[in-house]
Structures are given as C-alpha cells and as structure tokens.
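*Asks:* As input, take run_13.pdb (PDB, C-alpha atoms):
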ATOM      1  CA  MET A  11     -22.277 -17.656  -1.748  1.00  0.00           C
ATOM      2  CA  GLU A  12     -22.400 -20.612  -4.040  1.00  0.00           C
ATOM      3  CA  LYS A  13     -19.245 -22.589  -4.728  1.00  0.00           C
ATOM      4  CA  ASP A  14     -19.468 -21.913  -8.464  1.00  0.00           C
ATOM      5  CA  LYS A  15     -19.687 -18.143  -7.932  1.00  0.00           C
ATOM      6  CA  TYR A  16     -16.702 -18.341  -5.608  1.00  0.00           C
ATOM      7  CA  VAL A  17     -14.699 -20.256  -8.219  1.00  0.00           C
ATOM      8  CA  GLU A  18     -15.609 -17.668 -10.864  1.00  0.00           C
ATOM      9  CA  GLY A  19     -14.410 -14.887  -8.559  1.00  0.00           C
ATOM     10  CA  ILE A  20     -11.097 -16.687  -8.062  1.00  0.00           C
ATOM     11  CA  LYS A  21     -10.731 -17.134 -11.828  1.00  0.00           C
ATOM     12  CA  GLU A  22     -11.343 -13.408 -12.333  1.00  0.00           C
ATOM     13  CA  LEU A  23      -8.671 -12.563  -9.753  1.00  0.00           C
ATOM     14  CA  ARG A  24      -6.209 -14.946 -11.416  1.00  0.00           C
ATOM     15  CA  ALA A  25      -6.882 -13.350 -14.806  1.00  0.00           C
ATOM     16  CA  LEU A  26      -6.390  -9.899 -13.310  1.00  0.00           C
ATOM     17  CA  ILE A  27      -3.037 -10.932 -11.818  1.00  0.00           C
ATOM     18  CA  LYS A  28      -1.963 -12.625 -15.057  1.00  0.00           C
ATOM     19  CA  SER A  29      -2.840  -9.506 -17.094  1.00  0.00           C
ATOM     20  CA  GLY A  30      -0.120  -7.522 -15.295  1.00  0.00           C
ATOM     21  CA  LYS A  31      -2.355  -4.441 -15.458  1.00  0.00           C
ATOM     22  CA  TYR A  32      -1.748  -3.566 -11.816  1.00  0.00           C
ATOM     23  CA  ASN A  33       1.876  -4.704 -11.435  1.00  0.00           C
ATOM     24  CA  LYS A  34       3.306  -1.193 -11.270  1.00  0.00           C
ATOM     25  CA  CYS A  35       3.641   0.123  -7.723  1.00  0.00           C
ATOM     26  CA  PRO A  36       1.188   3.046  -7.296  1.00  0.00           C
ATOM     27  CA  CYS A  37       2.918   4.429  -4.198  1.00  0.00           C
ATOM     28  CA  PRO A  38       3.977   8.076  -4.588  1.00  0.00           C
ATOM     29  CA  LYS A  39       6.986   7.455  -2.324  1.00  0.00           C
ATOM     30  CA  VAL A  40       9.246   6.504  -5.241  1.00  0.00           C
ATOM     31  CA  LYS A  41      12.420   7.045  -3.218  1.00  0.00           C
ATOM     32  CA  CYS A  42      11.363   4.546  -0.551  1.00  0.00           C
ATOM     33  CA  GLU A  43      13.677   1.553  -0.273  1.00  0.00           C
ATOM     34  CA  TRP A  44      10.689  -0.791  -0.558  1.00  0.00           C
ATOM     35  CA  HIS A  45       8.973   0.948  -3.495  1.00  0.00           C
ATOM     36  CA  GLY A  46       7.775  -1.784  -5.854  1.00  0.00           C
ATOM     37  CA  ASN A  47       8.357  -4.573  -3.332  1.00  0.00           C
ATOM     38  CA  CYS A  48       4.781  -4.856  -2.089  1.00  0.00           C
ATOM     39  CA  PHE A  49       5.287  -8.004  -0.041  1.00  0.00           C
ATOM     40  CA  GLU A  50       8.002  -6.454   2.145  1.00  0.00           C
ATOM     41  CA  CYS A  51       6.224  -3.082   2.285  1.00  0.00           C
ATOM     42  CA  VAL A  52       2.943  -4.556   3.509  1.00  0.00           C
ATOM     43  CA  MET A  53       4.805  -6.801   5.976  1.00  0.00           C
ATOM     44  CA  ILE A  54       6.623  -3.777   7.442  1.00  0.00           C
ATOM     45  CA  HIS A  55       3.401  -1.792   7.796  1.00  0.00           C
ATOM     46  CA  ARG A  56       1.624  -4.786   9.320  1.00  0.00           C
ATOM     47  CA  VAL A  57       4.387  -5.350  11.889  1.00  0.00           C
ATOM     48  CA  ARG A  58       4.967  -1.693  12.818  1.00  0.00           C
ATOM     49  CA  GLN A  59       1.250  -0.791  12.741  1.00  0.00           C
ATOM     50  CA  GLU A  60       2.057   2.924  12.395  1.00  0.00           C
ATOM     51  CA  HIS A  61      -0.061   3.547   9.313  1.00  0.00           C
ATOM     52  CA  VAL A  62      -1.483   1.880   6.211  1.00  0.00           C
ATOM     53  CA  PRO A  63       0.737   1.579   3.109  1.00  0.00           C
ATOM     54  CA  ASN A  64       0.236   4.510   0.733  1.00  0.00           C
ATOM     55  CA  CYS A  65      -1.112   2.287  -2.040  1.00  0.00           C
ATOM     56  CA  MET A  66      -3.992   1.238   0.215  1.00  0.00           C
ATOM     57  CA  GLN A  67      -4.758   4.668   1.670  1.00  0.00           C
ATOM     58  CA  PRO A  68      -7.079   5.918  -1.115  1.00  0.00           C
ATOM     59  CA  MET A  69      -9.311   2.873  -0.662  1.00  0.00           C
ATOM     60  CA  LEU A  70      -9.304   3.248   3.114  1.00  0.00           C
ATOM     61  CA  GLN A  71      -9.814   7.042   2.967  1.00  0.00           C
ATOM     62  CA  LYS A  72     -12.866   6.595   0.761  1.00  0.00           C
ATOM     63  CA  LYS A  73     -14.420   4.251   3.312  1.00  0.00           C
ATOM     64  CA  ILE A  74     -13.457   6.451   6.272  1.00  0.00           C
ATOM     65  CA  LYS A  75     -14.886   9.561   4.593  1.00  0.00           C
ATOM     66  CA  GLU A  76     -18.231   7.791   4.273  1.00  0.00           C
ATOM     67  CA  ILE A  77     -18.125   6.909   7.985  1.00  0.00           C
ATOM     68  CA  ALA A  78     -16.955  10.444   8.873  1.00  0.00           C
ATOM     69  CA  LYS A  79     -19.965  11.916   7.031  1.00  0.00           C
ATOM     70  CA  ILE A  80     -22.269   9.925   9.256  1.00  0.00           C
ATOM     71  CA  ALA A  81     -20.444  11.200  12.361  1.00  0.00           C
ATOM     72  CA  GLU A  82     -20.279  14.746  10.901  1.00  0.00           C
ATOM     73  CA  MET A  83     -16.468  14.687  11.022  1.00  0.00           C
ATOM     74  CA  VAL A  84     -13.728  15.619   8.523  1.00  0.00           C
ATOM     75  CA  ALA A  85     -10.910  13.280   7.443  1.00  0.00           C
ATOM     76  CA  GLU A  86      -7.588  14.914   6.502  1.00  0.00           C
ATOM     77  CA  PRO A  87      -4.785  13.209   4.534  1.00  0.00           C
ATOM     78  CA  LYS A  88      -1.390  12.759   6.193  1.00  0.00           C
ATOM     79  CA  PRO A  89       1.505  14.511   4.401  1.00  0.00           C
ATOM     80  CA  LEU A  90       4.038  12.288   2.611  1.00  0.00           C
ATOM     81  CA  THR A  91       7.537  11.724   3.975  1.00  0.00           C
ATOM     82  CA  PRO A  92       9.830  14.184   2.160  1.00  0.00           C
ATOM     83  CA  GLY A  93      11.979  12.627  -0.569  1.00  0.00           C
ATOM     84  CA  GLU A  94      15.103  14.157   0.942  1.00  0.00           C
ATOM     85  CA  TYR A  95      14.644  11.871   3.971  1.00  0.00           C
ATOM     86  CA  TRP A  96      15.165   8.874   1.680  1.00  0.00           C
ATOM     87  CA  ASP A  97      18.156  10.574   0.068  1.00  0.00           C
ATOM     88  CA  TYR A  98      19.615  10.971   3.559  1.00  0.00           C
ATOM     89  CA  VAL A  99      18.908   7.310   4.402  1.00  0.00           C
ATOM     90  CA  ARG A 100      20.825   6.222   1.289  1.00  0.00           C
ATOM     91  CA  GLU A 101      23.671   8.525   2.278  1.00  0.00           C
ATOM     92  CA  VAL A 102      24.080   7.517   5.946  1.00  0.00           C
ATOM     93  CA  ALA A 103      22.698   3.960   5.932  1.00  0.00           C
ATOM     94  CA  PRO A 104      22.916   2.453   2.430  1.00  0.00           C
ATOM     95  CA  LYS A 105      21.068  -0.782   1.855  1.00  0.00           C
ATOM     96  CA  GLU A 106      23.278  -3.844   2.062  1.00  0.00           C
ATOM     97  CA  GLU A 107      23.084  -6.107  -0.959  1.00  0.00           C
ATOM     98  CA  ASP A 108      21.436  -9.494  -0.328  1.00  0.00           C
TER      99      ASP A 108
END
Show this structure as structure tokens.
*Replies:*
Amino acid sequence: MEKDKYVEGIKELRALIKSGKYNKCPCPKVKCEWHGNCFECVMIHRVRQEHVPNCMQPMLQKKIKEIAKIAEMVAEPKPLTPGEYWDYVREVAPKEED
C-alpha cells in the first residue's frame, strides 16, 4: 500500500468518527452496565475471552458463516443474556459511583 493511500484511509476514518454517525451503541443488551461504554466493554471481553462483544458478533458471524459453508457446517447464534439478570444485578450488587 502506498503511503498516500494509507493517509487517505486514515482521513476517511477520522471523518467517519467526527460525523458521529456510529456513536450510538448497537448492542441489544441495553440493560448491561457497560452498554454505551465501548472501551470498557471491549476491554472486559478481551480480558475474559468468553465471547465477542455483541456489537462485533454480526461482522464475525458473517465471516464464520462463509467459512462454515466451505466446511459444510452450520453456525448458530448464541441466545442473549435475559434482561432480568441485569435487573437482578442492579438489585443485589448496584454499581458504585466513581
């Protein structure tokens, strides 16, 4: 890749960030304590390595489905954590204010 093309790509990413078009958290787990705090959410998922954050799963599932087709396999989505679990967390272990 040429340096100029790389710089143009960076400029496009900066413009995308500045536009605010994708600032809203797309995660369906709206009751999650970290909903909307992408930095902490991604850090938690990276450290625990249990699964990929929900906002990244559609992208990953698309890629895995393509690989699964080649291996003649089927990929199934994991069910979401029930919202009442987060209600219970707030009840028995409320978040301490910073």
*Asks:* In Å to one decimal, how far is CA of Glu107 (chain A) from CA of Tyr95 (chain A)?
*Replies:*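 CA of Glu107 (chain A) lies 20.5 Å from CA of Tyr95 (chain A).
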*Asks:* For the file shown, what are the residues hit by the PyMOL selection byres ((chain A and resi 29-40) around 10), laid out as an MDAnalysis selection string?
*Replies:* chainID A and resid 23:28 41:48 63:67 90:93 96
*Asks:* One decimal, in Å: what's the spacing between CA of Val84 (chain A) and CA of Gln71 (chain A)?
*Replies:*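 Interatomic distance, CA of Val84 (chain A) to CA of Gln71 (chain A): 10.9 Å.
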*Asks:* Could you jot down the CA of Met83 (chain A) to CA of Leu70 (chain A) separation for me, Å, one decimal place?
*Replies:*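 We find that CA of Met83 (chain A) and CA of Leu70 (chain A) lie 15.6 Å from each other.
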*Asks:* Padding of 6 Å on every side, edges along x, y and z, all listed atoms of region 90-105 of chain A included: what centre and edge lengths in Å, to one decimal, does that box have, as lines of an AutoDock Vina configuration file?
*Replies:*
center_x = 14.1
center_y = 6.7
center_z = 2.7
size_x = 32.0
size_y = 27.0
size_z = 18.5
*Asks:* Go through A:Cys51, A:Val102, A:Lys75, A:Val17 one by one, measure the shortest atom-to-atom distance of each to Pro87 (chain A) using only C-alpha atoms, and give the residue with the smallest value.
*Replies:*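 The shortest atom-to-atom distance to Pro87 (chain A) comes from A:Lys75.
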*Asks:* With distances taken over all atoms listed in the file, which of A:Lys73, A:Glu101, A:Lys88, A:Ala78 is nearest to His61 (chain A)?
*Replies:*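 Once distances to His61 (chain A) are computed over all atoms listed in the file, the minimum belongs to A:Lys88.
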*Asks:* Output region 28-39 of chain A as an mmCIF file, in the coordinates of the input, making sure all heavy atoms are there.
*Replies:*
data_model
loop_
_atom_site.group_PDB
_atom_site.id
_atom_site.type_symbol
_atom_site.label_atom_id
_atom_site.label_comp_id
_atom_site.auth_asym_id
_atom_site.auth_seq_id
_atom_site.Cartn_x
_atom_site.Cartn_y
_atom_site.Cartn_z
ATOM 1 N N LYS A 28 -2.679 -12.203 -13.853
ATOM 2 C CA LYS A 28 -1.963 -12.625 -15.057
ATOM 3 C C LYS A 28 -1.853 -11.487 -16.078
ATOM 4 O O LYS A 28 -0.859 -11.386 -16.799
ATOM 5 C CB LYS A 28 -2.667 -13.827 -15.687
ATOM 6 C CG LYS A 28 -1.883 -14.490 -16.780
ATOM 7 C CD LYS A 28 -2.592 -15.751 -17.259
ATOM 8 C CE LYS A 28 -1.757 -16.456 -18.322
ATOM 9 N NZ LYS A 28 -2.404 -17.688 -18.772
ATOM 10 N N SER A 29 -2.847 -10.603 -16.126
ATOM 11 C CA SER A 29 -2.840 -9.506 -17.094
ATOM 12 C C SER A 29 -1.682 -8.538 -16.865
ATOM 13 O O SER A 29 -1.240 -7.869 -17.785
ATOM 14 C CB SER A 29 -4.161 -8.732 -17.032
ATOM 15 O OG SER A 29 -4.197 -7.888 -15.887
ATOM 16 N N GLY A 30 -1.207 -8.444 -15.619
ATOM 17 C CA GLY A 30 -0.120 -7.522 -15.295
ATOM 18 C C GLY A 30 -0.547 -6.072 -15.248
ATOM 19 O O GLY A 30 0.272 -5.174 -15.062
ATOM 20 N N LYS A 31 -1.832 -5.815 -15.408
ATOM 21 C CA LYS A 31 -2.355 -4.441 -15.458
ATOM 22 C C LYS A 31 -2.015 -3.626 -14.207
ATOM 23 O O LYS A 31 -1.788 -2.432 -14.289
ATOM 24 C CB LYS A 31 -3.866 -4.489 -15.668
ATOM 25 C CG LYS A 31 -4.517 -3.136 -15.822
ATOM 26 C CD LYS A 31 -5.998 -3.250 -16.085
ATOM 27 C CE LYS A 31 -6.634 -1.876 -16.181
ATOM 28 N NZ LYS A 31 -8.073 -1.962 -16.413
ATOM 29 N N TYR A 32 -1.968 -4.274 -13.071
ATOM 30 C CA TYR A 32 -1.748 -3.566 -11.816
ATOM 31 C C TYR A 32 -0.398 -3.897 -11.184
ATOM 32 O O TYR A 32 -0.223 -3.763 -9.980
ATOM 33 C CB TYR A 32 -2.883 -3.866 -10.833
ATOM 34 C CG TYR A 32 -4.217 -3.404 -11.353
ATOM 35 C CD1 TYR A 32 -5.095 -4.294 -11.962
ATOM 36 C CD2 TYR A 32 -4.595 -2.071 -11.275
ATOM 37 C CE1 TYR A 32 -6.319 -3.871 -12.460
ATOM 38 C CE2 TYR A 32 -5.808 -1.643 -11.767
ATOM 39 C CZ TYR A 32 -6.663 -2.544 -12.362
ATOM 40 O OH TYR A 32 -7.873 -2.122 -12.854
ATOM 41 N N ASN A 33 0.564 -4.319 -11.971
ATOM 42 C CA ASN A 33 1.876 -4.704 -11.435
ATOM 43 C C ASN A 33 2.728 -3.517 -11.004
ATOM 44 O O ASN A 33 3.594 -3.655 -10.159
ATOM 45 C CB ASN A 33 2.656 -5.539 -12.449
ATOM 46 C CG ASN A 33 2.138 -6.958 -12.537
ATOM 47 O OD1 ASN A 33 1.226 -7.352 -11.828
ATOM 48 N ND2 ASN A 33 2.714 -7.724 -13.434
ATOM 49 N N LYS A 34 2.505 -2.353 -11.598
ATOM 50 C CA LYS A 34 3.306 -1.193 -11.270
ATOM 51 C C LYS A 34 2.899 -0.650 -9.898
ATOM 52 O O LYS A 34 1.722 -0.464 -9.616
ATOM 53 C CB LYS A 34 3.124 -0.109 -12.336
ATOM 54 C CG LYS A 34 4.054 1.055 -12.165
ATOM 55 C CD LYS A 34 3.936 2.022 -13.341
ATOM 56 C CE LYS A 34 4.943 3.121 -13.185
ATOM 57 N NZ LYS A 34 4.382 4.375 -12.787
ATOM 58 N N CYS A 35 3.894 -0.395 -9.073
ATOM 59 C CA CYS A 35 3.641 0.123 -7.723
ATOM 60 C C CYS A 35 3.032 1.519 -7.808
ATOM 61 O O CYS A 35 3.632 2.427 -8.381
ATOM 62 C CB CYS A 35 4.944 0.156 -6.932
ATOM 63 S SG CYS A 35 4.753 0.749 -5.238
ATOM 64 N N PRO A 36 1.830 1.740 -7.228
ATOM 65 C CA PRO A 36 1.188 3.046 -7.296
ATOM 66 C C PRO A 36 1.620 4.015 -6.199
ATOM 67 O O PRO A 36 1.163 5.151 -6.163
ATOM 68 C CB PRO A 36 -0.296 2.692 -7.132
ATOM 69 C CG PRO A 36 -0.272 1.517 -6.221
ATOM 70 C CD PRO A 36 0.961 0.728 -6.620
ATOM 71 N N CYS A 37 2.519 3.586 -5.328
ATOM 72 C CA CYS A 37 2.918 4.429 -4.198
ATOM 73 C C CYS A 37 3.664 5.672 -4.687
ATOM 74 O O CYS A 37 4.583 5.575 -5.499
ATOM 75 C CB CYS A 37 3.800 3.641 -3.235
ATOM 76 S SG CYS A 37 4.306 4.605 -1.793
ATOM 77 N N PRO A 38 3.286 6.847 -4.182
ATOM 78 C CA PRO A 38 3.977 8.076 -4.588
ATOM 79 C C PRO A 38 5.358 8.228 -3.953
ATOM 80 O O PRO A 38 6.125 9.090 -4.346
ATOM 81 C CB PRO A 38 3.031 9.183 -4.120
ATOM 82 C CG PRO A 38 2.300 8.591 -2.976
ATOM 83 C CD PRO A 38 2.156 7.124 -3.303
ATOM 84 N N LYS A 39 5.682 7.376 -2.995
ATOM 85 C CA LYS A 39 6.986 7.455 -2.324
ATOM 86 C C LYS A 39 8.029 6.680 -3.139
ATOM 87 O O LYS A 39 8.536 5.643 -2.725
ATOM 88 C CB LYS A 39 6.893 6.891 -0.908
ATOM 89 C CG LYS A 39 6.027 7.710 0.007
ATOM 90 C CD LYS A 39 6.057 7.148 1.412
ATOM 91 C CE LYS A 39 5.287 8.029 2.355
ATOM 92 N NZ LYS A 39 5.377 7.555 3.735
#
